[in-house]
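Single-structure report; data block below.
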Amino acid sequence: MGLIVACLIVGRTAAAESAAEVIRAFGLTGTWSVDCKRDPYQACENNRCGARLTYIAPSSGAPTIRNVIGTFSSGQVRTFVSTIHAATRVADDMIKIVSVQDPPPSTTLVWWRQPGEVWEIVLLKVGDKYRTFSAHRDDWKKIEVDDGFEVRPPPPPPPAQAYVDLPTKWLRGKNEMPLFERCGD
C-alpha cells in the first residue's frame, strides 16, 4: 500500500507543470499593452505614457516579466524585470503568478514594488485579452489590485508630500482594471 501511495505522489509531482509551461499554456508569452498604439519610446503626452509587458517563458531557466514604461523624454524608458517563481491555473480563465521584483529599485515610492518583494498576481482572461484581477505583496501590506479594481493609498497627511512609512490604509477605485491586448511581437 505504501508503495502505491509513493508512486501516486511521484506521478503527480512529475506531471506538475512548470511555471513556464503554465504561462505558455495560458497564452501569456509575448508582449501586451493596454494600448499597443502608444509607443513607450515616444515621450508621454497628457500624462499618458506607452507601456509594454512582455512575458518570457524560456525552455530552461525562470520565466520573467519585462515591463517597459515611457517617460517624458522621447527615446528614454524605464524597464523593470520580475522573475516568476511559480505560476498555477486558478480556473480555465485565471492564472496566479508569484514573482519577485528584480533590482534596480522600481521607484522611491514606499508603497510601490521594491526589489526582493514577493508579489502574487492573478490574471483574468477575457476573450483574447486579459486584465489584472488581483495584485498584492505576499503579506498583503501592499495592494495594487483587488477583485479587478485598482487600489491606492489615500493622499498622505499634511504637510507630507509623500509617504515615508508604508501606508496602513488602502482605497479601492471605482473603475475596473483595463484590458491588456497582445501587441505585434
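Each chain in the C-alpha cells gets a letter, A, B and so on, in the order shown; residues start at 1 in every chain, and ligands are counted from 1 in the order they appear.
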- Pick out the residues sitting within 9 Å of stretch 123-125 of chain A, and hand them over as JSON, numbers by chain; count only C-alpha atoms, and ignore anything fewer than 4 positions along from it in its own chain. {"A": [26, 92, 93, 94, 95, 96, 97, 129, 130, 131, 132, 133, 134, 135, 148]}
Per DSSP on the backbone, what are the alpha helix (DSSP H) residues of stretch 2-179 of chain A, as an mmCIF file with C-alpha atoms, in the first residue's frame?
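And here's selection29.cif as it stands now:
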```cif
data_model
loop_
_atom_site.group_PDB
_atom_site.id
_atom_site.type_symbol
_atom_site.label_atom_id
_atom_site.label_comp_id
_atom_site.auth_asym_id
_atom_site.auth_seq_id
_atom_site.Cartn_x
_atom_site.Cartn_y
_atom_site.Cartn_z
ATOM 1 C CA GLY A 2 2.815 2.426 0.902
ATOM 2 C CA LEU A 3 4.466 1.757 -2.468
ATOM 3 C CA ILE A 4 1.248 2.629 -4.311
ATOM 4 C CA VAL A 5 0.896 5.925 -2.401
ATOM 5 C CA ALA A 6 4.545 6.770 -3.081
ATOM 6 C CA CYS A 7 4.071 6.074 -6.806
ATOM 7 C CA LEU A 8 0.978 8.291 -6.904
ATOM 8 C CA ILE A 9 2.843 11.158 -5.225
ATOM 9 C CA VAL A 10 5.832 10.823 -7.564
ATOM 10 C CA GLY A 11 3.468 10.613 -10.549
ATOM 11 C CA ARG A 12 1.676 13.823 -9.549
ATOM 12 C CA THR A 13 4.948 15.647 -8.982
ATOM 13 C CA ALA A 14 6.319 14.534 -12.348
ATOM 14 C CA ALA A 15 3.077 15.572 -14.051
ATOM 15 C CA ALA A 19 5.749 27.927 -14.305
ATOM 16 C CA ALA A 20 6.931 28.408 -17.904
ATOM 17 C CA GLU A 21 4.606 25.643 -19.145
ATOM 18 C CA VAL A 22 1.628 27.173 -17.318
ATOM 19 C CA ILE A 23 2.372 30.624 -18.777
ATOM 20 C CA ARG A 24 2.720 29.214 -22.297
ATOM 21 C CA ALA A 25 -0.469 27.108 -21.965
ATOM 22 C CA PHE A 26 -2.413 30.157 -20.731
#
```
- Task: Please identify which residues in stretch 58-108 of chain A DSSP calls strand (DSSP E) from the backbone, and express them as a PyMOL selection string.
- Result: chain A and resi 64-70+77-91+94-101
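Near A:Pro58, within 10 Å and counting only C-alpha atoms, sit Ala20, Glu21, Arg24, Thr29, Tyr55, Ile56, Ser60, Gly61, Ala62, Pro63 and Thr64 of chain A, not including residues fewer than 2 positions from it in the same chain.
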Next, write the just-selected residues to a file, as a PDB file, in the first residue's frame, keeping N, CA and C atoms as the atom set.
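Ended up saving to part-v1.pdb:
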```pdb
ATOM      1  N   ALA A  20       6.843  28.050 -16.481  1.00  0.00           N
ATOM      2  CA  ALA A  20       6.931  28.408 -17.904  1.00  0.00           C
ATOM      3  C   ALA A  20       5.859  27.681 -18.716  1.00  0.00           C
ATOM      4  N   GLU A  21       5.622  26.406 -18.423  1.00  0.00           N
ATOM      5  CA  GLU A  21       4.606  25.643 -19.145  1.00  0.00           C
ATOM      6  C   GLU A  21       3.210  26.214 -18.896  1.00  0.00           C
ATOM      7  N   ARG A  24       2.895  29.491 -20.860  1.00  0.00           N
ATOM      8  CA  ARG A  24       2.720  29.214 -22.297  1.00  0.00           C
ATOM      9  C   ARG A  24       1.318  28.671 -22.577  1.00  0.00           C
ATOM     10  N   THR A  29       2.713  34.259 -23.182  1.00  0.00           N
ATOM     11  CA  THR A  29       4.019  34.623 -23.743  1.00  0.00           C
ATOM     12  C   THR A  29       3.838  35.669 -24.828  1.00  0.00           C
ATOM     13  N   TYR A  55       5.927  38.803 -21.343  1.00  0.00           N
ATOM     14  CA  TYR A  55       6.066  37.558 -20.581  1.00  0.00           C
ATOM     15  C   TYR A  55       7.000  36.657 -21.366  1.00  0.00           C
ATOM     16  N   ILE A  56       8.096  36.263 -20.726  1.00  0.00           N
ATOM     17  CA  ILE A  56       9.106  35.432 -21.357  1.00  0.00           C
ATOM     18  C   ILE A  56       9.148  34.105 -20.602  1.00  0.00           C
ATOM     19  N   SER A  60      14.405  26.712 -20.633  1.00  0.00           N
ATOM     20  CA  SER A  60      15.182  26.466 -19.414  1.00  0.00           C
ATOM     21  C   SER A  60      15.386  27.801 -18.710  1.00  0.00           C
ATOM     22  N   GLY A  61      15.439  27.763 -17.406  1.00  0.00           N
ATOM     23  CA  GLY A  61      15.566  28.984 -16.622  1.00  0.00           C
ATOM     24  C   GLY A  61      14.196  29.518 -16.227  1.00  0.00           C
ATOM     25  N   ALA A  62      14.214  30.472 -15.322  1.00  0.00           N
ATOM     26  CA  ALA A  62      12.971  31.029 -14.790  1.00  0.00           C
ATOM     27  C   ALA A  62      12.295  31.960 -15.786  1.00  0.00           C
ATOM     28  N   PRO A  63      10.976  31.912 -15.865  1.00  0.00           N
ATOM     29  CA  PRO A  63      10.254  32.883 -16.692  1.00  0.00           C
ATOM     30  C   PRO A  63      10.360  34.274 -16.065  1.00  0.00           C
ATOM     31  N   THR A  64      10.171  35.300 -16.875  1.00  0.00           N
ATOM     32  CA  THR A  64      10.249  36.673 -16.388  1.00  0.00           C
ATOM     33  C   THR A  64       9.128  37.522 -16.984  1.00  0.00           C
TER      34      THR A  64
END
```
Long-range neighbours of A:Gln42 as a JSON list (two decimals) with C-alpha atoms, in the first residue's frame, 9 Å cut-off, only C-alpha atoms, 4 positions minimum in chain:
```json
[["chain", "number", "residue", "atom", "x", "y", "z"],
["A", 38, "ARG", "CA", 1.04, 54.16, -27.75],
["A", 49, "CYS", "CA", 2.74, 57.03, -21.39],
["A", 50, "GLY", "CA", 3.15, 54.00, -23.58],
["A", 70, "GLY", "CA", 7.65, 55.52, -21.33],
["A", 71, "THR", "CA", 8.95, 58.75, -19.81],
["A", 72, "PHE", "CA", 8.54, 62.43, -20.66],
["A", 73, "SER", "CA", 11.78, 62.27, -22.67],
["A", 74, "SER", "CA", 11.46, 60.69, -26.10],
["A", 75, "GLY", "CA", 13.62, 57.59, -26.54],
["A", 76, "GLN", "CA", 14.01, 57.03, -22.80],
["A", 77, "VAL", "CA", 12.09, 54.33, -20.96]]
```
Do you know which residues are at most 6 Å from A:Trp119 counting only C-alpha atoms, after dropping those on the same chain fewer than 4 positions away, and could you put them as a tab-separated table (two decimals) with N, CA and C atoms, in the first residue's frame?
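Okay, selection11.tsv is ready:
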```
chain	number	residue	atom	x	y	z
A	98	VAL	N	3.40	34.08	-9.03
A	98	VAL	CA	4.17	34.55	-7.88
A	98	VAL	C	5.52	34.99	-8.43
A	99	SER	N	5.84	36.28	-8.23
A	99	SER	CA	7.08	36.81	-8.79
A	99	SER	C	7.82	37.65	-7.76
A	136	HIS	N	-0.93	41.86	-5.15
A	136	HIS	CA	-0.56	42.30	-3.80
A	136	HIS	C	0.74	41.65	-3.38
A	137	ARG	N	1.41	42.29	-2.44
A	137	ARG	CA	2.59	41.68	-1.85
A	137	ARG	C	2.13	40.46	-1.06
A	138	ASP	N	2.98	39.48	-0.93
A	138	ASP	CA	2.56	38.21	-0.32
A	138	ASP	C	2.04	38.36	1.11
```
- Item | Nearest to A:Val145 by atom-to-atom distance, counting only C-alpha atoms, from A:Pro158, A:Pro178, A:Pro115, A:Pro167 | A:Pro178
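Counting only C-alpha atoms, A:Lys174 has the following residues at most 12 Å away, ignoring those fewer than 6 positions along the same chain: Val145, Asp146, Asp147, Gly148, Phe149, Glu150, Val151 and Arg152 of chain A.
Going from atom CA of A:Trp32 over to atom CA of A:Arg66, you cover 10.3 Å.
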- Message: Which residues are near A:Thr168? Cut-off 8 Å, only C-alpha atoms, ignore same chain within fewer than 2 positions. Put them as a ChimeraX atom specification.
- Response: /A:141,166,170
